[in-house]
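J.: Got a file for you: work.cif, mmCIF, C-alpha atoms and all ligand atoms.
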data_query
#
loop_
_atom_site.label_atom_id
_atom_site.label_comp_id
_atom_site.auth_asym_id
_atom_site.auth_seq_id
_atom_site.Cartn_x
_atom_site.Cartn_y
_atom_site.Cartn_z
CA MET A 1 0.00 0.00 0.00
CA ALA A 2 1.35 3.47 -0.85
CA PRO A 3 2.21 5.58 2.21
CA SER A 4 -0.33 8.26 3.05
CA HIS A 5 0.68 11.85 3.62
CA THR A 6 -1.42 13.92 5.95
CA MET A 7 -1.44 17.60 6.83
CA ALA A 8 0.76 18.89 9.66
CA GLY A 9 -1.11 17.96 12.87
CA GLY A 10 -1.55 19.73 16.21
CA GLU A 11 -2.49 23.34 16.77
CA SER A 12 0.93 24.97 16.94
CA GLY A 13 2.26 27.68 14.64
CA ASP A 14 3.38 25.01 12.16
CA SER A 15 0.07 23.19 11.89
CA TYR A 16 -2.57 22.86 9.20
CA SER A 17 -5.22 23.94 11.68
CA GLN A 18 -3.50 27.35 12.02
CA HIS A 19 -2.70 27.74 8.33
CA SER A 20 -5.76 26.72 6.35
CA THR A 21 -7.61 30.00 5.92
CA TYR A 22 -6.97 29.78 2.16
CA GLN A 23 -8.95 26.53 2.03
CA ARG A 24 -11.56 27.91 4.48
CA ALA A 25 -12.34 30.84 2.17
CA LEU A 26 -13.75 28.38 -0.36
CA LEU A 27 -16.10 26.89 2.24
CA GLU A 28 -17.30 30.34 3.16
CA ALA A 29 -17.81 31.26 -0.49
CA THR A 30 -19.88 28.12 -1.14
CA LYS A 31 -22.15 28.38 1.92
CA GLU A 32 -25.01 29.79 -0.14
CA LYS A 33 -24.57 27.16 -2.85
CA ILE A 34 -24.74 24.42 -0.22
CA ASP A 35 -27.88 25.98 1.26
CA GLU A 36 -29.48 26.14 -2.14
CA ALA A 37 -28.46 22.60 -3.05
CA ILE A 38 -30.02 21.22 0.11
CA THR A 39 -33.15 23.35 -0.22
CA THR A 40 -33.83 22.47 -3.83
CA LYS A 41 -32.27 19.04 -4.43
CA LEU A 42 -32.47 17.02 -1.26
CA ASP A 43 -35.45 14.81 -0.46
CA LEU A 44 -36.07 14.33 3.25
CA TYR A 45 -37.88 11.11 4.10
CA PHE A 46 -39.51 10.78 7.50
CA THR A 47 -40.03 7.37 8.95
CA SER A 48 -40.82 8.44 12.50
CA ASN A 49 -40.79 11.54 14.67
CA SER A 50 -37.16 11.13 15.45
CA PHE A 51 -35.26 11.37 12.24
CA SER A 52 -31.60 10.58 11.90
CA PHE A 53 -29.44 12.16 9.27
CA ASN A 54 -25.91 11.15 8.28
CA VAL A 55 -23.26 13.52 6.96
CA ALA A 56 -19.66 12.67 6.05
CA ASP A 57 -16.64 14.81 5.32
CA PHE A 58 -14.06 12.98 3.23
CA GLY A 59 -10.49 14.24 3.75
CA CYS A 60 -11.44 16.20 6.87
CA SER A 61 -7.88 16.79 8.18
CA THR A 62 -7.60 18.17 11.72
CA GLY A 63 -10.14 21.01 11.68
CA PRO A 64 -11.30 23.68 11.95
CA ASN A 65 -12.37 23.83 8.27
CA THR A 66 -14.28 20.56 8.49
CA PHE A 67 -16.38 21.97 11.35
CA VAL A 68 -17.38 24.92 9.15
CA ALA A 69 -18.28 22.55 6.31
CA VAL A 70 -20.44 20.19 8.37
CA GLN A 71 -22.13 23.04 10.23
CA ASN A 72 -23.12 24.67 6.91
CA ILE A 73 -24.72 21.38 5.87
CA ILE A 74 -26.46 20.79 9.20
CA ASP A 75 -27.85 24.32 9.33
CA ALA A 76 -29.27 23.94 5.83
CA VAL A 77 -30.82 20.52 6.54
CA GLY A 78 -32.25 21.75 9.87
CA HIS A 79 -33.80 24.72 8.11
CA LYS A 80 -35.34 22.53 5.42
CA PHE A 81 -36.67 20.10 8.02
CA GLN A 82 -38.34 22.95 9.88
CA GLU A 83 -39.89 24.36 6.71
CA GLN A 84 -41.18 20.97 5.60
CA THR A 85 -42.51 19.72 8.93
CA LEU A 86 -42.91 22.86 11.03
CA GLU A 87 -41.12 20.81 13.70
CA ASN A 88 -38.09 21.87 15.68
CA PRO A 89 -34.84 20.87 13.90
CA LYS A 90 -33.67 19.57 17.29
CA ASP A 91 -35.81 16.52 16.51
CA VAL A 92 -33.31 15.55 13.84
CA GLU A 93 -30.40 13.50 15.11
CA PHE A 94 -27.31 14.32 13.12
CA GLN A 95 -24.42 11.89 12.90
CA VAL A 96 -21.20 13.19 11.35
CA PHE A 97 -18.54 10.84 9.99
CA PHE A 98 -15.10 12.45 9.79
CA ASN A 99 -12.93 10.62 7.29
CA ASP A 100 -9.22 10.89 6.63
CA HIS A 101 -6.17 8.60 6.47
CA SER A 102 -5.72 6.63 9.68
CA ASN A 103 -2.50 8.56 10.45
CA ASN A 104 -4.36 11.89 10.32
CA ASP A 105 -4.23 13.76 13.64
CA PHE A 106 -7.75 12.79 14.77
CA ASN A 107 -6.83 13.68 18.36
CA THR A 108 -6.63 17.35 17.47
CA LEU A 109 -9.88 17.02 15.52
CA PHE A 110 -11.75 15.56 18.47
CA ARG A 111 -10.13 17.84 21.05
CA THR A 112 -11.26 20.91 19.12
CA LEU A 113 -14.79 19.81 18.17
CA PRO A 114 -17.10 22.82 18.64
CA PRO A 115 -18.56 22.51 22.15
CA THR A 116 -21.96 23.76 20.97
CA ARG A 117 -22.27 21.28 18.11
CA SER A 118 -25.58 19.58 17.54
CA TYR A 119 -24.24 16.31 16.11
CA PHE A 120 -22.66 13.04 17.17
CA ALA A 121 -19.09 12.77 15.91
CA THR A 122 -17.39 9.62 14.64
CA ALA A 123 -14.09 9.06 12.88
CA VAL A 124 -14.03 6.76 9.88
CA PRO A 125 -10.33 6.28 9.15
CA GLY A 126 -9.02 4.90 5.88
CA SER A 127 -8.52 5.87 2.28
CA PHE A 128 -11.58 7.35 0.65
CA PHE A 129 -10.69 5.55 -2.55
CA GLY A 130 -12.27 2.52 -0.91
CA ARG A 131 -15.35 2.01 1.24
CA VAL A 132 -15.28 3.65 4.69
CA LEU A 133 -19.01 3.53 5.54
CA PRO A 134 -21.74 0.87 5.53
CA LYS A 135 -24.04 0.58 2.53
CA ASP A 136 -27.01 2.92 2.05
CA CYS A 137 -26.42 5.12 5.06
CA LEU A 138 -25.18 8.46 3.80
CA HIS A 139 -27.45 11.44 3.11
CA VAL A 140 -24.95 14.25 2.42
CA GLY A 141 -21.24 13.89 1.68
CA HIS A 142 -18.67 16.63 1.41
CA CYS A 143 -15.08 16.66 0.21
CA SER A 144 -12.95 19.76 -0.09
CA TYR A 145 -9.40 20.24 -1.35
CA SER A 146 -8.68 16.53 -1.18
CA LEU A 147 -9.31 14.91 -4.55
CA HIS A 148 -6.10 16.25 -6.11
CA TRP A 149 -4.26 13.73 -3.87
CA LEU A 150 -3.73 10.53 -5.86
CA SER A 151 -3.54 7.10 -4.25
CA ARG A 152 -0.04 6.61 -5.69
CA VAL A 153 2.55 8.10 -8.00
CA PRO A 154 1.48 7.12 -11.53
CA ARG A 155 3.22 4.11 -13.05
CA GLY A 156 6.20 4.58 -15.34
CA ILE A 157 7.09 8.15 -14.48
CA THR A 158 9.82 7.48 -11.92
CA ALA A 159 12.07 5.22 -14.05
CA ARG A 160 14.78 7.05 -15.99
CA ASP A 161 14.55 4.62 -18.91
CA SER A 162 10.79 5.02 -19.29
CA PRO A 163 9.39 7.32 -22.04
CA ALA A 164 7.19 8.84 -19.31
CA TRP A 165 10.10 9.59 -16.95
CA ASN A 166 9.40 12.87 -15.19
CA LYS A 167 12.36 14.90 -14.03
CA ASP A 168 10.02 17.54 -12.56
CA ILE A 169 8.41 16.85 -9.20
CA HIS A 170 4.83 17.24 -10.46
CA CYS A 171 2.70 17.15 -13.58
CA THR A 172 3.70 20.43 -15.20
CA GLY A 173 1.47 19.64 -18.19
CA PHE A 174 4.29 20.09 -20.71
CA THR A 175 5.22 16.42 -21.36
CA LYS A 176 2.46 14.38 -22.96
CA GLU A 177 3.55 10.96 -21.64
CA VAL A 178 3.75 12.30 -18.09
CA ALA A 179 0.42 14.11 -18.37
CA ASP A 180 -1.22 10.93 -19.72
CA ALA A 181 0.19 8.84 -16.86
CA TYR A 182 -1.12 11.31 -14.27
CA LEU A 183 -4.51 11.56 -15.96
CA ASP A 184 -4.84 7.75 -16.08
CA GLN A 185 -4.16 7.54 -12.34
CA PHE A 186 -6.63 10.36 -11.64
CA LYS A 187 -9.32 8.50 -13.62
CA VAL A 188 -8.74 5.32 -11.62
CA ASP A 189 -8.72 7.15 -8.28
CA PHE A 190 -11.60 9.58 -8.77
CA GLY A 191 -13.65 6.81 -10.43
CA GLY A 192 -12.91 4.57 -7.42
CA PHE A 193 -13.92 7.37 -5.04
CA LEU A 194 -17.27 7.75 -6.80
CA SER A 195 -17.91 3.98 -6.90
CA ALA A 196 -17.21 3.64 -3.18
CA ARG A 197 -19.47 6.60 -2.37
CA ALA A 198 -22.18 5.23 -4.66
CA GLN A 199 -22.53 2.23 -2.34
CA GLU A 200 -22.54 4.34 0.81
CA PHE A 201 -25.17 6.84 -0.30
CA VAL A 202 -28.91 6.44 -0.10
CA SER A 203 -30.61 7.07 -3.42
CA GLY A 204 -31.10 10.84 -3.80
CA GLY A 205 -28.21 11.65 -1.44
CA LEU A 206 -26.07 14.67 -2.28
CA LEU A 207 -22.30 14.70 -2.72
CA MET A 208 -20.55 18.07 -2.73
CA LEU A 209 -17.03 18.35 -4.08
CA LEU A 210 -14.96 21.50 -3.67
CA GLY A 211 -11.42 22.29 -4.66
CA SER A 212 -9.07 23.61 -7.30
CA CYS A 213 -8.99 22.53 -10.89
CA LEU A 214 -7.64 23.88 -14.16
CA PRO A 215 -9.73 25.49 -16.89
CA ASP A 216 -9.67 23.26 -20.01
CA GLY A 217 -6.44 23.63 -21.96
CA VAL A 218 -4.50 25.35 -19.16
CA LYS A 219 -1.31 23.62 -18.06
CA MET A 220 -0.41 23.34 -14.39
CA SER A 221 2.93 25.19 -14.77
CA GLU A 222 1.15 28.14 -16.38
CA THR A 223 -0.78 28.75 -13.13
CA MET A 224 0.32 30.06 -9.75
CA LYS A 225 0.02 26.61 -8.19
CA GLY A 226 2.26 25.05 -10.83
CA ILE A 227 4.84 27.86 -10.70
CA LEU A 228 4.99 27.36 -6.93
CA PHE A 229 5.52 23.59 -7.32
CA ASP A 230 8.27 24.36 -9.84
CA CYS A 231 9.88 26.66 -7.21
CA ILE A 232 9.74 23.81 -4.67
CA GLY A 233 11.34 21.44 -7.21
CA SER A 234 14.11 23.92 -7.88
CA SER A 235 14.66 24.44 -4.12
CA LEU A 236 14.95 20.68 -3.58
CA ASN A 237 17.46 20.62 -6.45
CA ASP A 238 19.56 23.35 -4.80
CA VAL A 239 19.64 21.32 -1.60
CA ALA A 240 20.58 18.20 -3.58
CA LYS A 241 23.50 20.12 -5.11
CA GLN A 242 24.70 20.86 -1.57
CA GLY A 243 24.71 17.10 -0.97
CA LEU A 244 21.83 16.99 1.52
CA ILE A 245 19.49 15.15 -0.86
CA ASP A 246 20.45 12.27 -3.11
CA GLN A 247 20.13 13.60 -6.68
CA GLU A 248 19.04 10.22 -8.07
CA LYS A 249 16.30 10.04 -5.50
CA LEU A 250 15.13 13.55 -6.30
CA ASP A 251 15.18 12.87 -10.06
CA SER A 252 12.81 9.95 -9.57
CA PHE A 253 10.60 11.73 -7.02
CA ASN A 254 7.08 12.73 -8.06
CA MET A 255 4.25 14.24 -6.09
CA PRO A 256 1.10 12.09 -5.99
CA ILE A 257 -0.90 15.21 -6.86
CA TYR A 258 -2.94 15.90 -9.96
CA VAL A 259 -4.94 19.06 -10.51
CA ALA A 260 -7.43 17.99 -13.17
CA GLN A 261 -9.05 20.08 -15.88
CA VAL A 262 -12.79 20.76 -15.81
CA GLY A 263 -13.52 18.38 -18.71
CA GLU A 264 -11.45 15.59 -17.13
CA ILE A 265 -13.49 15.79 -13.92
CA LYS A 266 -16.78 15.80 -15.84
CA ASP A 267 -15.69 12.82 -17.96
CA VAL A 268 -14.98 10.66 -14.91
CA ILE A 269 -18.36 11.55 -13.37
CA GLU A 270 -20.13 10.64 -16.59
CA GLU A 271 -18.17 7.42 -17.11
CA ASN A 272 -18.83 6.32 -13.53
CA GLY A 273 -22.53 6.84 -14.10
CA CYS A 274 -23.75 6.51 -10.49
CA PHE A 275 -24.39 10.22 -9.89
CA GLU A 276 -26.34 12.90 -11.69
CA LEU A 277 -24.20 16.01 -12.23
CA GLU A 278 -26.47 18.72 -10.82
CA ALA A 279 -23.96 21.59 -10.88
CA PHE A 280 -20.37 22.34 -11.82
CA GLU A 281 -19.69 25.91 -10.86
CA LYS A 282 -16.73 28.19 -10.76
CA VAL A 283 -16.50 29.79 -7.34
CA SER A 284 -15.09 33.24 -6.74
CA HIS A 285 -13.73 33.86 -3.33
CA ALA A 286 -11.40 36.27 -1.60
CA ASN A 287 -8.38 34.07 -2.32
CA ASP A 288 -9.30 33.06 -5.84
CA GLU A 289 -5.60 33.00 -6.55
CA PHE A 290 -2.95 32.94 -3.86
CA PRO A 291 -2.00 36.22 -2.20
CA LEU A 292 1.42 37.40 -3.39
CA ASP A 293 3.10 36.97 -0.04
CA ALA A 294 6.20 34.77 -0.02
CA LYS A 295 6.08 33.99 3.70
CA PHE A 296 2.39 33.04 3.59
CA LEU A 297 2.96 30.82 0.55
CA ALA A 298 6.01 29.11 2.08
CA THR A 299 4.07 28.29 5.27
CA LEU A 300 0.98 27.10 3.38
CA HIS A 301 3.06 24.70 1.28
CA LYS A 302 5.04 23.52 4.28
CA VAL A 303 2.00 22.53 6.36
CA THR A 304 0.34 20.93 3.35
CA PHE A 305 3.18 19.11 1.56
CA GLY A 306 5.98 19.12 4.17
CA GLY A 307 5.02 15.65 5.41
CA LEU A 308 5.29 14.22 1.89
CA PHE A 309 8.73 15.76 1.28
CA GLU A 310 10.06 14.83 4.73
CA SER A 311 9.08 11.19 4.23
CA GLN A 312 11.39 11.16 1.19
CA PHE A 313 14.24 13.49 2.01
CA GLY A 314 14.30 13.92 5.79
CA LYS A 315 13.40 16.86 8.01
CA ASP A 316 16.67 18.83 7.81
CA ALA A 317 16.88 18.80 4.03
CA VAL A 318 13.23 19.85 3.74
CA GLU A 319 13.66 22.68 6.30
CA LYS A 320 16.50 23.95 4.14
CA ALA A 321 14.56 23.56 0.89
CA MET A 322 11.53 25.40 2.30
CA GLY A 323 13.85 28.26 3.35
CA CYS A 324 15.15 28.47 -0.26
CA PHE A 325 11.57 28.21 -1.51
CA GLU A 326 10.52 31.37 0.26
CA GLY A 327 13.38 33.27 -1.44
CA LYS A 328 12.46 31.83 -4.84
CA VAL A 329 8.82 32.82 -4.38
CA GLN A 330 9.94 36.33 -3.51
CA ASP A 331 11.95 36.40 -6.76
CA SER A 332 9.01 35.02 -8.77
CA LEU A 333 6.32 37.46 -7.62
CA GLN A 334 6.08 39.09 -11.04
CA GLU A 335 5.78 35.73 -12.81
CA LEU A 336 3.15 34.68 -10.28
CA ALA A 337 1.23 37.90 -10.85
CA ASN A 338 1.16 37.19 -14.61
CA ALA A 339 0.20 33.51 -14.29
CA LYS A 340 -2.88 32.08 -15.99
CA ALA A 341 -5.87 31.77 -13.71
CA GLY A 342 -6.62 28.44 -12.07
CA MET A 343 -10.15 27.73 -10.92
CA GLN A 344 -11.97 26.90 -7.70
CA PHE A 345 -14.98 24.64 -8.19
CA PHE A 346 -18.17 23.53 -6.51
CA VAL A 347 -19.59 20.29 -7.87
CA LEU A 348 -22.97 18.97 -6.81
CA LEU A 349 -23.75 15.31 -7.47
CA ARG A 350 -26.96 13.46 -6.71
CA ARG A 351 -26.94 9.68 -6.22
CA LYS A 352 -29.19 8.15 -8.87
N1 LIG A 401 -11.03 19.27 3.79
C1 LIG A 401 -10.06 20.02 4.57
C2 LIG A 401 -8.66 19.44 4.45
C3 LIG A 401 -8.05 19.46 3.08
S1 LIG A 401 -6.38 18.86 3.10
C4 LIG A 401 -10.08 21.47 4.15
O1 LIG A 401 -10.76 21.83 3.17
O2 LIG A 401 -9.40 22.28 4.77
C5 LIG A 401 -6.57 17.31 2.24
C6 LIG A 401 -6.92 16.17 3.19
O3 LIG A 401 -7.25 15.04 2.40
C7 LIG A 401 -5.76 15.76 4.09
O4 LIG A 401 -6.15 15.75 5.42
C8 LIG A 401 -5.38 14.39 3.58
O5 LIG A 401 -4.88 13.54 4.59
C9 LIG A 401 -6.72 13.91 3.05
N2 LIG A 401 -6.62 12.82 2.08
C10 LIG A 401 -5.86 12.78 0.95
N3 LIG A 401 -6.01 11.60 0.34
C11 LIG A 401 -6.90 10.88 1.09
C12 LIG A 401 -7.45 9.57 0.97
N4 LIG A 401 -7.13 8.77 -0.04
N5 LIG A 401 -8.32 9.16 1.92
C13 LIG A 401 -8.67 9.96 2.97
N6 LIG A 401 -8.17 11.22 3.13
C14 LIG A 401 -7.29 11.66 2.20
#
Let me see whether you can do it: turn the structure in this file into structure tokens.
Ligand code: SAH
T.:
Amino acid sequence: MAPSHTMAGGESGDSYSQHSTYQRALLEATKEKIDEAITTKLDLYFTSNSFSFNVADFGCSTGPNTFVAVQNIIDAVGHKFQEQTLENPKDVEFQVFFNDHSNNDFNTLFRTLPPTRSYFATAVPGSFFGRVLPKDCLHVGHCSYSLHWLSRVPRGITARDSPAWNKDIHCTGFTKEVADAYLDQFKVDFGGFLSARAQEFVSGGLLMLLGSCLPDGVKMSETMKGILFDCIGSSLNDVAKQGLIDQEKLDSFNMPIYVAQVGEIKDVIEENGCFELEAFEKVSHANDEFPLDAKFLATLHKVTFGGLFESQFGKDAVEKAMGCFEGKVQDSLQELANAKAGMQFFVLLRRK
């Protein structure tokens, strides 16, 4: 099984929980869309006076963003329940399933659960590319900023003698063989995610996917995200030149990350066939693109990808590389300002 890389745990200055406002802005910007989706597309079935409702967040990390996401959903469902039944939403029993890799820092998640929450909280550890919940139990699922993580580095791209060998650390979009290998892996993984969810959802259940993608035809390295990954690659190379990272190892290193294009995401949903695509919307939010602040960007990338790099190259080398990275970002501010726009999306799927 491929190793899993989680976000930096805990609540200290170097943690994901303290440095995820960029991701949180998307949740805030989609609150109305989530409200509307639940109001107009969700069927509530009542079997008795006490009604239980199951919500899951896939790739929840340590909080607090996941708490914002599930609260948005619960508020909207409670509101709909009240409108439909004229009953108090307190009669609904909400159960929330928090999913992430088993080595995610669930202790921080549970320690920081909102004290005023109106739901029961459960962790469902394990990769979301497989089943993590029983059949036919899920009413609303949510997944934000997680589906660009692949289950593994695509086949063929790490071997020097392969036509798909990738000397860069990510899918820049400029080499066809590499791009094809990444896309194939994305299709397998995202398709597997949808098939697993299809079994867990009740018919009519809603799945909301949020994150970053690329407009059709735009290459990763033409966007801010890609330029920043290129800066990390070049920083790791500088550290390798100083002898702190084995060059061979770096040359065969690839990030298990793929930022898909709009059409690629839609194709997988259609091919999978288990969900109706109700909406695919571009979301504008305060941080549509990254702020041009080298320190902010260095910290964001460290808490998000530091664990992945450290597992390969060790803590000291990565500390050093991230220091170089900040300098390179500072030098690239003009290029970043001129980059092609990426895209933040909100996708609404309804289980057939
Ligand atoms: N949803 C949160 C966290 C996003 S970070 C937010 O919007 O802020 C991405 C999360 O996805 C990480 O916690 C990572 O561990 C998780 N993740 C990545 N691949 C996963 C997989 N296969 N199964 C479960 N969780 C995964």
J.: Within 6 Å of range 263-279 of chain A, counting only C-alpha atoms, which residues qualify if same-chain residues fewer than 4 places away don't, as number ranges by chain?
T.: A: 347-352
J.: Taking all atoms listed in the file into account, report as an MDAnalysis selection string which residues have an atom no farther than 7 Å from an atom of ligand LIG 401 (chain A).
T.: chainID A and resid 5:7 20 23:24 58:62 65:66 99:101 104 126:129 143:147 149:151
J.: Which polymer residues have any atom within 10 Å of an atom of Glu177 in chain A, counting all atoms listed in the file, with same-chain residues fewer than 4 positions away left out, as a ChimeraX atom specification?
T.: /A:156-157,162-166,173,181-183
J.: List as a PyMOL selection string the protein and nucleic acid residues near Leu26 in chain A, meaning an atom at most 10 Å away when all atoms listed in the file are counted, but skip any in the same chain fewer than 6 places from it.
T.: chain A and resi 65+69+144-145+210-212+283-288+344-346
J.: Pick from A:Ile34, A:Leu236, A:Met220, A:Ile227: nearest to Asp251 in chain A, with all atoms listed in the file counted?
T.: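 Of A:Ile34, A:Leu236, A:Met220, A:Ile227, the one nearest Asp251 in chain A is A:Leu236, counting all atoms listed in the file.
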J.: Applying 12 Å and all atoms listed in the file, which residues near Pro114 in chain A remain after dropping the ones on its own chain fewer than 4 positions away? List them as a ChimeraX atom specification.
T.: /A:63-68,70-71,108-110,118-121
J.: Counting all atoms listed in the file, which residue out of A:Gly78, A:Pro291, A:Gly226, A:Gly233 sits closest to Ala337 in chain A?
T.: A:Pro291
J.: Nearest to Ser203 in chain A: which of A:His139, A:Lys176, A:Lys295, A:Arg155 is it, counting only C-alpha atoms?
T.: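 Looking at the shortest contact to Ser203 in chain A, the residue is A:His139.
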J.: Is it possible to get the residues within 12 Å of (3.3, 26.0, 13.1) (coordinates as in the file, counting all atoms listed in the file) written as a compact mmCIF listing (two decimals) with C-alpha atoms, in the frame of the given file?
T.:
# COMPACT_ATOMS: atom_id res chain seq x y z
CA MET A 7 -1.44 17.60 6.83
CA ALA A 8 0.76 18.89 9.66
CA GLY A 9 -1.11 17.96 12.87
CA GLY A 10 -1.55 19.73 16.21
CA GLU A 11 -2.49 23.34 16.77
CA SER A 12 0.93 24.97 16.94
CA GLY A 13 2.26 27.68 14.64
CA ASP A 14 3.38 25.01 12.16
CA SER A 15 0.07 23.19 11.89
CA TYR A 16 -2.57 22.86 9.20
CA SER A 17 -5.22 23.94 11.68
CA GLN A 18 -3.50 27.35 12.02
CA HIS A 19 -2.70 27.74 8.33
CA SER A 20 -5.76 26.72 6.35
CA PHE A 296 2.39 33.04 3.59
CA ALA A 298 6.01 29.11 2.08
CA THR A 299 4.07 28.29 5.27
CA LEU A 300 0.98 27.10 3.38
CA HIS A 301 3.06 24.70 1.28
CA LYS A 302 5.04 23.52 4.28
CA VAL A 303 2.00 22.53 6.36
CA THR A 304 0.34 20.93 3.35
CA GLY A 306 5.98 19.12 4.17
J.: I want to know what sits within 6 Å of His148 in chain A, based on all atoms listed in the file, with residues of the same chain fewer than 4 positions away left out; could you give that as a ChimeraX atom specification?
T.: /A:257-259
J.: Could you check how far CA of Ala25 in chain A sits from CA of Ala260 in chain A, in Å to one decimal?
T.: 20.6 Å
J.: Measuring atom to atom with all atoms listed in the file, identify which of A:Val218, A:Ala56, A:Gly205, A:Gly130 is nearest to Gly192 in chain A.
T.: A:Gly130
J.: Of the candidates A:Ala294, A:Leu207, A:Val178, A:Ala341, which shows the shortest atom-to-atom distance to Lys328 in chain A, using only C-alpha atoms?
T.: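 Comparing A:Ala294, A:Leu207, A:Val178, A:Ala341 against Lys328 in chain A, the winner is A:Ala294.
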J.: What is the CA of Leu214 in chain A-CA of Phe174 in chain A distance in Å, reported with one decimal?
T.: 14.1 Å
J.: Quick check, in Å to one decimal: how far apart do CA of Ile169 in chain A and CA of Ala339 in chain A lie?
T.: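 According to the coordinates, CA of Ile169 in chain A and CA of Ala339 in chain A are separated by 19.3 Å.
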